[in-house]
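Have a look at the structure below, then the notes.
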Amino acid sequence: MAITVNLYYTGEKDNARKFAEEMTARGIVSDIRAEEGNLRYEYFIPFDDGNTILLIDSWRDQQSLDAHHASPMMGLISELRNKYNLTVRAERYVSDQDGITANDKKFL
């Protein structure tokens with residue numbers, strides 16, 4: 001059962017975007033993507049909020065996510081989050097691929 005966490009990083013002006021750019025430039029994003037169990041790690045800019053970056057972060061299971069949270073990556077993320085003075089809001093979702101009905105599939 002895959003776990004997806006949507007993380008909304010918000011800051012003044014373009015700080016959230018600078019955060020995502022530095023995460024990418026320093027290779028932190030590629031390192032996280034290479035972690036065992038990572039399924040997706042991608043940044044997006046919400047159309048109606050230029051001060052926020054959305055991170056879609058998906059993991060194979062809770063064990064993989066727990067290992068990520070215990071990794072040195074979390075210290076680097078925290079360091080950059082503080083550097084850019086960002087707040088974060090999280091939404092957590094659990095995959096329900098088996099629960100998608102035939103009727104729902106018509107719209108996918």
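Numbering starts fresh at 1 for the residues of each chain in the structure tokens, the chains themselves are lettered A, B, ... in the order given, and ligands are numbered from 1 as they appear.
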Handout entry: Residues within 8 Å of region 40-53 of chain A, only C-alpha atoms, excluding chain neighbours under 6 positions, as JSON, numbers by chain
Key = {"A": [8, 9, 10, 11, 12, 13, 14, 15, 16, 17, 20, 29, 32, 33, 59]}
Practice task
Run DSSP on the backbone and give me the residues of region 18-107 of chain A it puts in alpha helix (DSSP H), as a ChimeraX atom specification.
Solution key: /A:18-25,28-33,62-69,73-83,102-105
Keeping N, CA and C atoms, export the residues of the selection given above as an mmCIF file, in the first residue's frame.
data_model
loop_
_atom_site.group_PDB
_atom_site.id
_atom_site.type_symbol
_atom_site.label_atom_id
_atom_site.label_comp_id
_atom_site.auth_asym_id
_atom_site.auth_seq_id
_atom_site.Cartn_x
_atom_site.Cartn_y
_atom_site.Cartn_z
ATOM 1 N N LYS A 18 13.011 29.041 -4.406
ATOM 2 C CA LYS A 18 14.465 28.978 -4.197
ATOM 3 C C LYS A 18 14.841 27.725 -3.410
ATOM 4 N N PHE A 19 14.013 27.373 -2.424
ATOM 5 C CA PHE A 19 14.221 26.159 -1.637
ATOM 6 C C PHE A 19 14.236 24.940 -2.561
ATOM 7 N N ALA A 20 13.224 24.803 -3.402
ATOM 8 C CA ALA A 20 13.134 23.658 -4.314
ATOM 9 C C ALA A 20 14.300 23.659 -5.306
ATOM 10 N N GLU A 21 14.678 24.825 -5.787
ATOM 11 C CA GLU A 21 15.806 24.918 -6.715
ATOM 12 C C GLU A 21 17.105 24.477 -6.048
ATOM 13 N N GLU A 22 17.317 24.882 -4.791
ATOM 14 C CA GLU A 22 18.543 24.495 -4.103
ATOM 15 C C GLU A 22 18.524 23.005 -3.755
ATOM 16 N N MET A 23 17.356 22.490 -3.383
ATOM 17 C CA MET A 23 17.231 21.049 -3.125
ATOM 18 C C MET A 23 17.670 20.263 -4.366
ATOM 19 N N THR A 24 17.264 20.743 -5.520
ATOM 20 C CA THR A 24 17.601 20.072 -6.777
ATOM 21 C C THR A 24 19.077 20.270 -7.122
ATOM 22 N N ALA A 25 19.553 21.510 -7.052
ATOM 23 C CA ALA A 25 20.938 21.828 -7.434
ATOM 24 C C ALA A 25 21.961 21.100 -6.561
ATOM 25 N N ILE A 28 20.091 16.815 -3.525
ATOM 26 C CA ILE A 28 19.292 16.214 -2.464
ATOM 27 C C ILE A 28 18.071 15.514 -3.051
ATOM 28 N N VAL A 29 17.446 16.134 -4.038
ATOM 29 C CA VAL A 29 16.268 15.536 -4.674
ATOM 30 C C VAL A 29 16.632 14.204 -5.320
ATOM 31 N N SER A 30 17.714 14.173 -6.071
ATOM 32 C CA SER A 30 18.091 12.914 -6.732
ATOM 33 C C SER A 30 18.483 11.851 -5.705
ATOM 34 N N ASP A 31 19.105 12.259 -4.603
ATOM 35 C CA ASP A 31 19.448 11.303 -3.546
ATOM 36 C C ASP A 31 18.198 10.715 -2.903
ATOM 37 N N ILE A 32 17.198 11.545 -2.676
ATOM 38 C CA ILE A 32 15.948 11.048 -2.092
ATOM 39 C C ILE A 32 15.254 10.110 -3.068
ATOM 40 N N ARG A 33 15.227 10.478 -4.337
ATOM 41 C CA ARG A 33 14.606 9.607 -5.339
ATOM 42 C C ARG A 33 15.284 8.242 -5.408
ATOM 43 N N GLN A 62 4.976 2.209 4.730
ATOM 44 C CA GLN A 62 5.347 2.987 5.918
ATOM 45 C C GLN A 62 6.803 2.753 6.319
ATOM 46 N N GLN A 63 7.278 1.542 6.151
ATOM 47 C CA GLN A 63 8.666 1.227 6.506
ATOM 48 C C GLN A 63 9.635 2.077 5.682
ATOM 49 N N SER A 64 9.364 2.222 4.401
ATOM 50 C CA SER A 64 10.227 3.053 3.538
ATOM 51 C C SER A 64 10.183 4.515 3.960
ATOM 52 N N LEU A 65 8.998 4.991 4.277
ATOM 53 C CA LEU A 65 8.851 6.379 4.714
ATOM 54 C C LEU A 65 9.555 6.603 6.049
ATOM 55 N N ASP A 66 9.431 5.652 6.972
ATOM 56 C CA ASP A 66 10.120 5.762 8.252
ATOM 57 C C ASP A 66 11.636 5.796 8.068
ATOM 58 N N ALA A 67 12.152 4.969 7.169
ATOM 59 C CA ALA A 67 13.597 4.959 6.899
ATOM 60 C C ALA A 67 14.046 6.313 6.344
ATOM 61 N N HIS A 68 13.242 6.886 5.471
ATOM 62 C CA HIS A 68 13.549 8.221 4.930
ATOM 63 C C HIS A 68 13.576 9.253 6.059
ATOM 64 N N HIS A 69 12.582 9.197 6.936
ATOM 65 C CA HIS A 69 12.522 10.160 8.036
ATOM 66 C C HIS A 69 13.711 10.027 8.985
ATOM 67 N N MET A 73 18.957 12.850 5.066
ATOM 68 C CA MET A 73 18.253 13.771 4.166
ATOM 69 C C MET A 73 17.365 14.737 4.951
ATOM 70 N N MET A 74 16.761 14.248 6.029
ATOM 71 C CA MET A 74 15.839 15.087 6.790
ATOM 72 C C MET A 74 16.560 16.283 7.411
ATOM 73 N N GLY A 75 17.797 16.096 7.833
ATOM 74 C CA GLY A 75 18.583 17.209 8.365
ATOM 75 C C GLY A 75 18.868 18.253 7.303
ATOM 76 N N LEU A 76 19.172 17.795 6.098
ATOM 77 C CA LEU A 76 19.441 18.723 4.996
ATOM 78 C C LEU A 76 18.181 19.497 4.614
ATOM 79 N N ILE A 77 17.055 18.793 4.574
ATOM 80 C CA ILE A 77 15.783 19.447 4.248
ATOM 81 C C ILE A 77 15.463 20.503 5.304
ATOM 82 N N SER A 78 15.634 20.141 6.566
ATOM 83 C CA SER A 78 15.352 21.065 7.669
ATOM 84 C C SER A 78 16.259 22.292 7.602
ATOM 85 N N GLU A 79 17.521 22.068 7.289
ATOM 86 C CA GLU A 79 18.487 23.163 7.160
ATOM 87 C C GLU A 79 18.030 24.164 6.096
ATOM 88 N N LEU A 80 17.628 23.657 4.942
ATOM 89 C CA LEU A 80 17.196 24.544 3.856
ATOM 90 C C LEU A 80 15.842 25.191 4.160
ATOM 91 N N ARG A 81 14.973 24.453 4.792
ATOM 92 C CA ARG A 81 13.669 25.014 5.172
ATOM 93 C C ARG A 81 13.871 26.204 6.107
ATOM 94 N N ASN A 82 14.797 26.076 7.051
ATOM 95 C CA ASN A 82 15.097 27.179 7.958
ATOM 96 C C ASN A 82 15.778 28.335 7.224
ATOM 97 N N LYS A 83 16.681 28.000 6.310
ATOM 98 C CA LYS A 83 17.391 29.028 5.543
ATOM 99 C C LYS A 83 16.413 29.939 4.811
ATOM 100 N N ALA A 102 -15.222 -0.180 -11.055
ATOM 101 C CA ALA A 102 -15.321 -0.102 -12.511
ATOM 102 C C ALA A 102 -15.980 1.215 -12.917
ATOM 103 N N ASN A 103 -16.945 1.650 -12.153
ATOM 104 C CA ASN A 103 -17.621 2.923 -12.446
ATOM 105 C C ASN A 103 -16.645 4.093 -12.317
ATOM 106 N N ASP A 104 -15.810 4.085 -11.276
ATOM 107 C CA ASP A 104 -14.808 5.146 -11.103
ATOM 108 C C ASP A 104 -13.793 5.128 -12.237
ATOM 109 N N LYS A 105 -13.420 3.947 -12.692
ATOM 110 C CA LYS A 105 -12.396 3.815 -13.749
ATOM 111 C C LYS A 105 -12.830 4.467 -15.052
#
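With only C-alpha atoms as the atoms that count, the residue of A:Glu36, A:Asp96, A:Leu86, A:Asp57 with the shortest distance to Ser71 (chain A) is A:Glu36.
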Handout entry: From A:Leu108, A:Leu54, A:Met1, A:Leu39, residue lying nearest Arg89 (chain A) [only C-alpha atoms]
Key =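 That would be A:Leu54, the residue with the smallest distance to Arg89 (chain A).
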Exercise for the section: Select from chain A everything DSSP, run on the backbone, classes as strand (DSSP E or B), then give the selection as a ChimeraX atom specification. Expected result: /A:3-10,38-44,52-59,87-94
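If you look at CA of Ile56 (chain A) and CA of Ala34 (chain A), they are 15.4 Å away from each other.
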